[in-house]
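Data from data_17.cif: mmCIF, C-alpha atoms and all ligand atoms
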data_run
loop_
_atom_site.group_PDB
_atom_site.id
_atom_site.type_symbol
_atom_site.label_atom_id
_atom_site.label_comp_id
_atom_site.auth_asym_id
_atom_site.auth_seq_id
_atom_site.Cartn_x
_atom_site.Cartn_y
_atom_site.Cartn_z
ATOM 1 C CA MET A 7 -5.150 5.233 26.333
ATOM 2 C CA SER A 8 -8.717 6.193 25.511
ATOM 3 C CA ASP A 9 -11.244 3.577 26.678
ATOM 4 C CA ASP A 10 -13.496 3.872 23.644
ATOM 5 C CA CYS A 11 -10.783 4.028 20.965
ATOM 6 C CA LEU A 12 -10.451 1.129 18.530
ATOM 7 C CA PHE A 13 -6.782 1.816 17.786
ATOM 8 C CA CYS A 14 -5.832 2.153 21.471
ATOM 9 C CA LYS A 15 -7.380 -1.307 21.942
ATOM 10 C CA ILE A 16 -5.411 -2.718 19.005
ATOM 11 C CA ALA A 17 -2.214 -1.187 20.434
ATOM 12 C CA ALA A 18 -2.983 -2.828 23.785
ATOM 13 C CA HIS A 19 -3.653 -6.189 22.062
ATOM 14 C CA GLU A 20 -7.238 -6.105 23.343
ATOM 15 C CA ILE A 21 -8.609 -6.321 19.796
ATOM 16 C CA PRO A 22 -6.824 -8.601 17.311
ATOM 17 C CA ALA A 23 -4.932 -7.208 14.346
ATOM 18 C CA GLU A 24 -2.124 -8.409 12.129
ATOM 19 C CA ILE A 25 0.694 -6.448 13.728
ATOM 20 C CA VAL A 26 3.776 -6.108 11.532
ATOM 21 C CA LEU A 27 5.952 -3.906 13.782
ATOM 22 C CA GLU A 28 5.786 -2.468 17.284
ATOM 23 C CA ASN A 29 8.124 -0.728 19.684
ATOM 24 C CA ASP A 30 7.910 1.671 22.623
ATOM 25 C CA HIS A 31 6.602 4.470 20.405
ATOM 26 C CA VAL A 32 4.459 2.940 17.655
ATOM 27 C CA VAL A 33 2.350 0.019 16.528
ATOM 28 C CA ALA A 34 1.829 -0.926 12.867
ATOM 29 C CA PHE A 35 -0.808 -3.337 11.625
ATOM 30 C CA ARG A 36 -2.456 -4.329 8.351
ATOM 31 C CA ASP A 37 -5.557 -2.402 7.326
ATOM 32 C CA ILE A 38 -8.666 -4.576 7.510
ATOM 33 C CA ALA A 39 -9.785 -3.327 4.060
ATOM 34 C CA PRO A 40 -6.552 -2.978 2.055
ATOM 35 C CA LYS A 41 -6.470 -0.588 -0.892
ATOM 36 C CA ALA A 42 -3.161 -1.925 -2.243
ATOM 37 C CA PRO A 43 -0.954 -5.034 -1.910
ATOM 38 C CA VAL A 44 0.756 -3.291 1.014
ATOM 39 C CA HIS A 45 -1.599 -1.282 3.245
ATOM 40 C CA VAL A 46 -0.379 -0.897 6.810
ATOM 41 C CA LEU A 47 -1.548 1.595 9.447
ATOM 42 C CA VAL A 48 1.159 3.131 11.636
ATOM 43 C CA ILE A 49 -0.067 4.650 14.905
ATOM 44 C CA PRO A 50 1.540 6.352 17.890
ATOM 45 C CA ARG A 51 0.967 4.693 21.238
ATOM 46 C CA ALA A 52 -0.293 8.050 22.542
ATOM 47 C CA HIS A 53 -3.978 8.705 21.937
ATOM 48 C CA VAL A 54 -3.877 11.801 19.740
ATOM 49 C CA ALA A 55 -6.563 12.638 17.203
ATOM 50 C CA ASN A 56 -4.468 13.436 14.150
ATOM 51 C CA VAL A 57 -0.973 14.037 12.820
ATOM 52 C CA ALA A 58 -0.808 17.662 13.987
ATOM 53 C CA GLU A 59 -1.687 16.615 17.527
ATOM 54 C CA ALA A 60 0.984 13.927 17.293
ATOM 55 C CA ALA A 61 3.541 16.557 16.282
ATOM 56 C CA ALA A 62 2.515 18.852 19.144
ATOM 57 C CA GLN A 63 2.024 16.303 21.905
ATOM 58 C CA ALA A 64 4.208 13.329 20.959
ATOM 59 C CA PRO A 65 6.903 14.439 18.496
ATOM 60 C CA ASP A 66 9.183 11.518 19.349
ATOM 61 C CA GLN A 67 6.375 9.148 18.457
ATOM 62 C CA LEU A 68 5.703 10.952 15.164
ATOM 63 C CA ALA A 69 9.378 10.620 14.264
ATOM 64 C CA ALA A 70 9.196 6.941 15.158
ATOM 65 C CA MET A 71 6.121 6.593 12.927
ATOM 66 C CA ALA A 72 8.121 7.898 9.962
ATOM 67 C CA ALA A 73 10.951 5.473 10.673
ATOM 68 C CA ALA A 74 8.476 2.600 11.021
ATOM 69 C CA ALA A 75 6.751 3.496 7.743
ATOM 70 C CA GLN A 76 10.088 3.412 5.926
ATOM 71 C CA GLN A 77 11.054 0.139 7.612
ATOM 72 C CA ILE A 78 7.786 -1.512 6.554
ATOM 73 C CA ALA A 79 8.225 -0.274 2.990
ATOM 74 C CA ASP A 80 11.830 -1.489 2.955
ATOM 75 C CA ASP A 81 10.642 -4.909 4.112
ATOM 76 C CA GLU A 82 7.597 -5.235 1.889
ATOM 77 C CA CYS A 83 7.775 -3.032 -1.210
ATOM 78 C CA GLY A 84 11.306 -2.006 -2.076
ATOM 79 C CA GLY A 85 11.272 1.117 0.083
ATOM 80 C CA GLN A 86 8.764 2.949 -2.141
ATOM 81 C CA PHE A 87 5.429 3.937 -0.670
ATOM 82 C CA ARG A 88 2.857 6.644 -0.057
ATOM 83 C CA TRP A 89 2.135 7.829 3.500
ATOM 84 C CA ILE A 90 -1.347 9.286 3.965
ATOM 85 C CA PHE A 91 -2.965 11.016 6.939
ATOM 86 C CA ASN A 92 -6.648 11.618 6.351
ATOM 87 C CA THR A 93 -7.452 14.512 8.685
ATOM 88 C CA GLY A 94 -11.106 15.317 9.399
ATOM 89 C CA GLU A 95 -14.296 13.645 8.249
ATOM 90 C CA ARG A 96 -14.389 15.491 4.922
ATOM 91 C CA ALA A 97 -10.923 14.124 4.152
ATOM 92 C CA GLY A 98 -12.061 10.580 4.881
ATOM 93 C CA GLN A 99 -10.874 10.196 8.469
ATOM 94 C CA SER A 100 -13.018 7.615 10.234
ATOM 95 C CA VAL A 101 -10.845 6.692 13.238
ATOM 96 C CA PHE A 102 -9.770 9.611 15.430
ATOM 97 C CA HIS A 103 -6.514 8.149 16.714
ATOM 98 C CA ALA A 104 -3.709 9.418 14.455
ATOM 99 C CA HIS A 105 -2.645 6.912 11.821
ATOM 100 C CA GLY A 106 -0.516 7.052 8.718
ATOM 101 C CA HIS A 107 -1.551 4.735 5.902
ATOM 102 C CA VAL A 108 1.516 3.083 4.343
ATOM 103 C CA ILE A 109 0.405 2.245 0.796
ATOM 104 C CA GLY A 110 2.568 0.421 -1.720
ATOM 105 C CA GLY A 111 3.308 -2.734 -3.626
ATOM 106 C CA ARG A 112 2.012 -1.463 -6.970
ATOM 107 C CA ASP A 113 2.337 1.603 -9.208
ATOM 108 C CA LEU A 114 0.366 4.459 -7.583
ATOM 109 C CA ASP A 115 -1.538 7.051 -9.600
ATOM 110 C CA TRP A 116 -1.353 10.638 -8.409
ATOM 111 C CA ASN A 117 -5.020 11.458 -8.051
ATOM 112 C CA PRO A 118 -5.753 12.254 -4.436
ATOM 113 C CA ALA A 119 -9.219 13.746 -5.091
HETATM 114 P P1 LIG B 201 -9.216 6.563 8.018
HETATM 115 O O1 LIG B 201 -10.460 6.367 7.191
HETATM 116 O O2 LIG B 201 -9.566 7.062 9.402
HETATM 117 O O3 LIG B 201 -8.130 7.346 7.350
HETATM 118 O O4 LIG B 201 -8.579 5.107 8.168
HETATM 119 C C1 LIG B 201 -9.084 4.156 9.051
HETATM 120 C C2 LIG B 201 -8.670 2.820 8.504
HETATM 121 O O5 LIG B 201 -8.847 1.863 9.517
HETATM 122 C C3 LIG B 201 -9.505 2.347 7.305
HETATM 123 O O6 LIG B 201 -8.663 2.162 6.181
HETATM 124 C C4 LIG B 201 -10.132 1.038 7.794
HETATM 125 O O7 LIG B 201 -10.181 0.043 6.791
HETATM 126 C C5 LIG B 201 -9.234 0.659 8.947
HETATM 127 N N1 LIG B 201 -9.896 -0.105 9.989
HETATM 128 C C6 LIG B 201 -11.116 0.186 10.544
HETATM 129 N N2 LIG B 201 -11.400 -0.697 11.513
HETATM 130 C C7 LIG B 201 -10.336 -1.565 11.566
HETATM 131 C C8 LIG B 201 -10.045 -2.706 12.385
HETATM 132 O O8 LIG B 201 -10.809 -3.113 13.258
HETATM 133 N N3 LIG B 201 -8.867 -3.337 12.152
HETATM 134 C C9 LIG B 201 -7.983 -2.922 11.195
HETATM 135 N N4 LIG B 201 -6.856 -3.629 11.048
HETATM 136 N N5 LIG B 201 -8.229 -1.846 10.421
HETATM 137 C C10 LIG B 201 -9.390 -1.175 10.597
HETATM 138 ZN ZN ZN B 202 -6.641 5.898 20.724
#

Let me see whether you can do it: turn the structure in this file into structure tokens.
Amino acid sequence: MSDDCLFCKIAAHEIPAEIVLENDHVVAFRDIAPKAPVHVLVIPRAHVANVAEAAAQAPDQLAAMAAAAQQIADDECGGQFRWIFNTGERAGQSVFHAHGHVIGGRDLDWNPA
């Protein structure tokens, strides 16, 4: 855990969030500013900065993140969803604890720019 990390504090239940799933590897909670009817953030419990660090340092947790994303989509939007990892400030990353955005619940355009 990193003392000054917002998502570590959410994972530790020190800051409130609407948690939809958690287990030994991951925590998933609703985004505070949803961009779609379903917008859930899936994070590893390990404090890693991005998805590549998760793969290198906590591969079991990254695999669990994928399973959790699918489970949330199965529960909330018919199993169909987009999973987004903004990586770096220029790509829109604002929190530097790895998180996959699970987006769904409506038709999604393909315009990532
Ligand atoms: P990023 O921009 O790093 O890809 O995504 C960070 C996400 O975290 C944003 O979509 C933002 O709305 C969300 N977020 C920021 N602060 C909080 C918070 O305190 N609680 C929750 N639930 N989401 C947050
Ligand atoms: Zn963290």

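Here CA of Ala69 in chain A stands at a distance of 9.1 Å from CA of His31 in chain A.
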
message: Which residues are near ligand LIG 201 (chain B) - at most 10 Å, using all atoms listed in the file? Format: as JSON, numbers by chain.
response: {"A": [12, 13, 15, 16, 21, 22, 23, 24, 25, 34, 35, 36, 37, 38, 39, 40, 41, 45, 46, 47, 56, 90, 91, 92, 93, 94, 95, 97, 98, 99, 100, 101, 102, 103, 104, 105, 106, 107]}

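Closest to ligand ZN 202 (chain B) among A:His53, A:Asn29, A:Trp89, A:Ala73 is A:His53, based on all atoms listed in the file.
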
task: Could you jot down the CA of Arg112 in chain A to CA of Ala42 in chain A separation for me, Å, one decimal place?
output: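 Pair CA of Arg112 in chain A / CA of Ala42 in chain A returns 7.0 Å.
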
task: Could you tell me which residues the PyMOL selection byres (((chain A and resi 51) around 7) and not hetatm) returns for this structure, as JSON, numbers by chain?
output: {"A": [17, 31, 32, 33, 49, 50, 52, 53]}

Residue selection dump (C-alpha atoms) as a PDB file, in the coordinates of the input:
ATOM      1  CA  ALA A  17      -2.214  -1.187  20.434  1.00  0.00           C
ATOM      2  CA  HIS A  31       6.602   4.470  20.405  1.00  0.00           C
ATOM      3  CA  VAL A  32       4.459   2.940  17.655  1.00  0.00           C
ATOM      4  CA  VAL A  33       2.350   0.019  16.528  1.00  0.00           C
ATOM      5  CA  ILE A  49      -0.067   4.650  14.905  1.00  0.00           C
ATOM      6  CA  PRO A  50       1.540   6.352  17.890  1.00  0.00           C
ATOM      7  CA  ALA A  52      -0.293   8.050  22.542  1.00  0.00           C
ATOM      8  CA  HIS A  53      -3.978   8.705  21.937  1.00  0.00           C
TER       9      HIS A  53
END

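Non-sequential neighbours of range 75-80 of chain A (distance at most 7 Å, separation of 5 or more positions within a chain, all atoms listed in the file) are Val48, Gly85, Gln86, Phe87 and Val108 of chain A.
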
- request: Take CA of Ala60 in chain A and CA of Glu82 in chain A and report the distance between them in Å, one decimal.
  value: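 Result for CA of Ala60 in chain A versus CA of Glu82 in chain A: 25.5 Å, one decimal.
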
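Between Val44 in chain A and the residues A:Met71, A:Cys83, A:Asp30, A:Asp9, the shortest atom-to-atom distance, using only C-alpha atoms, involves A:Cys83.
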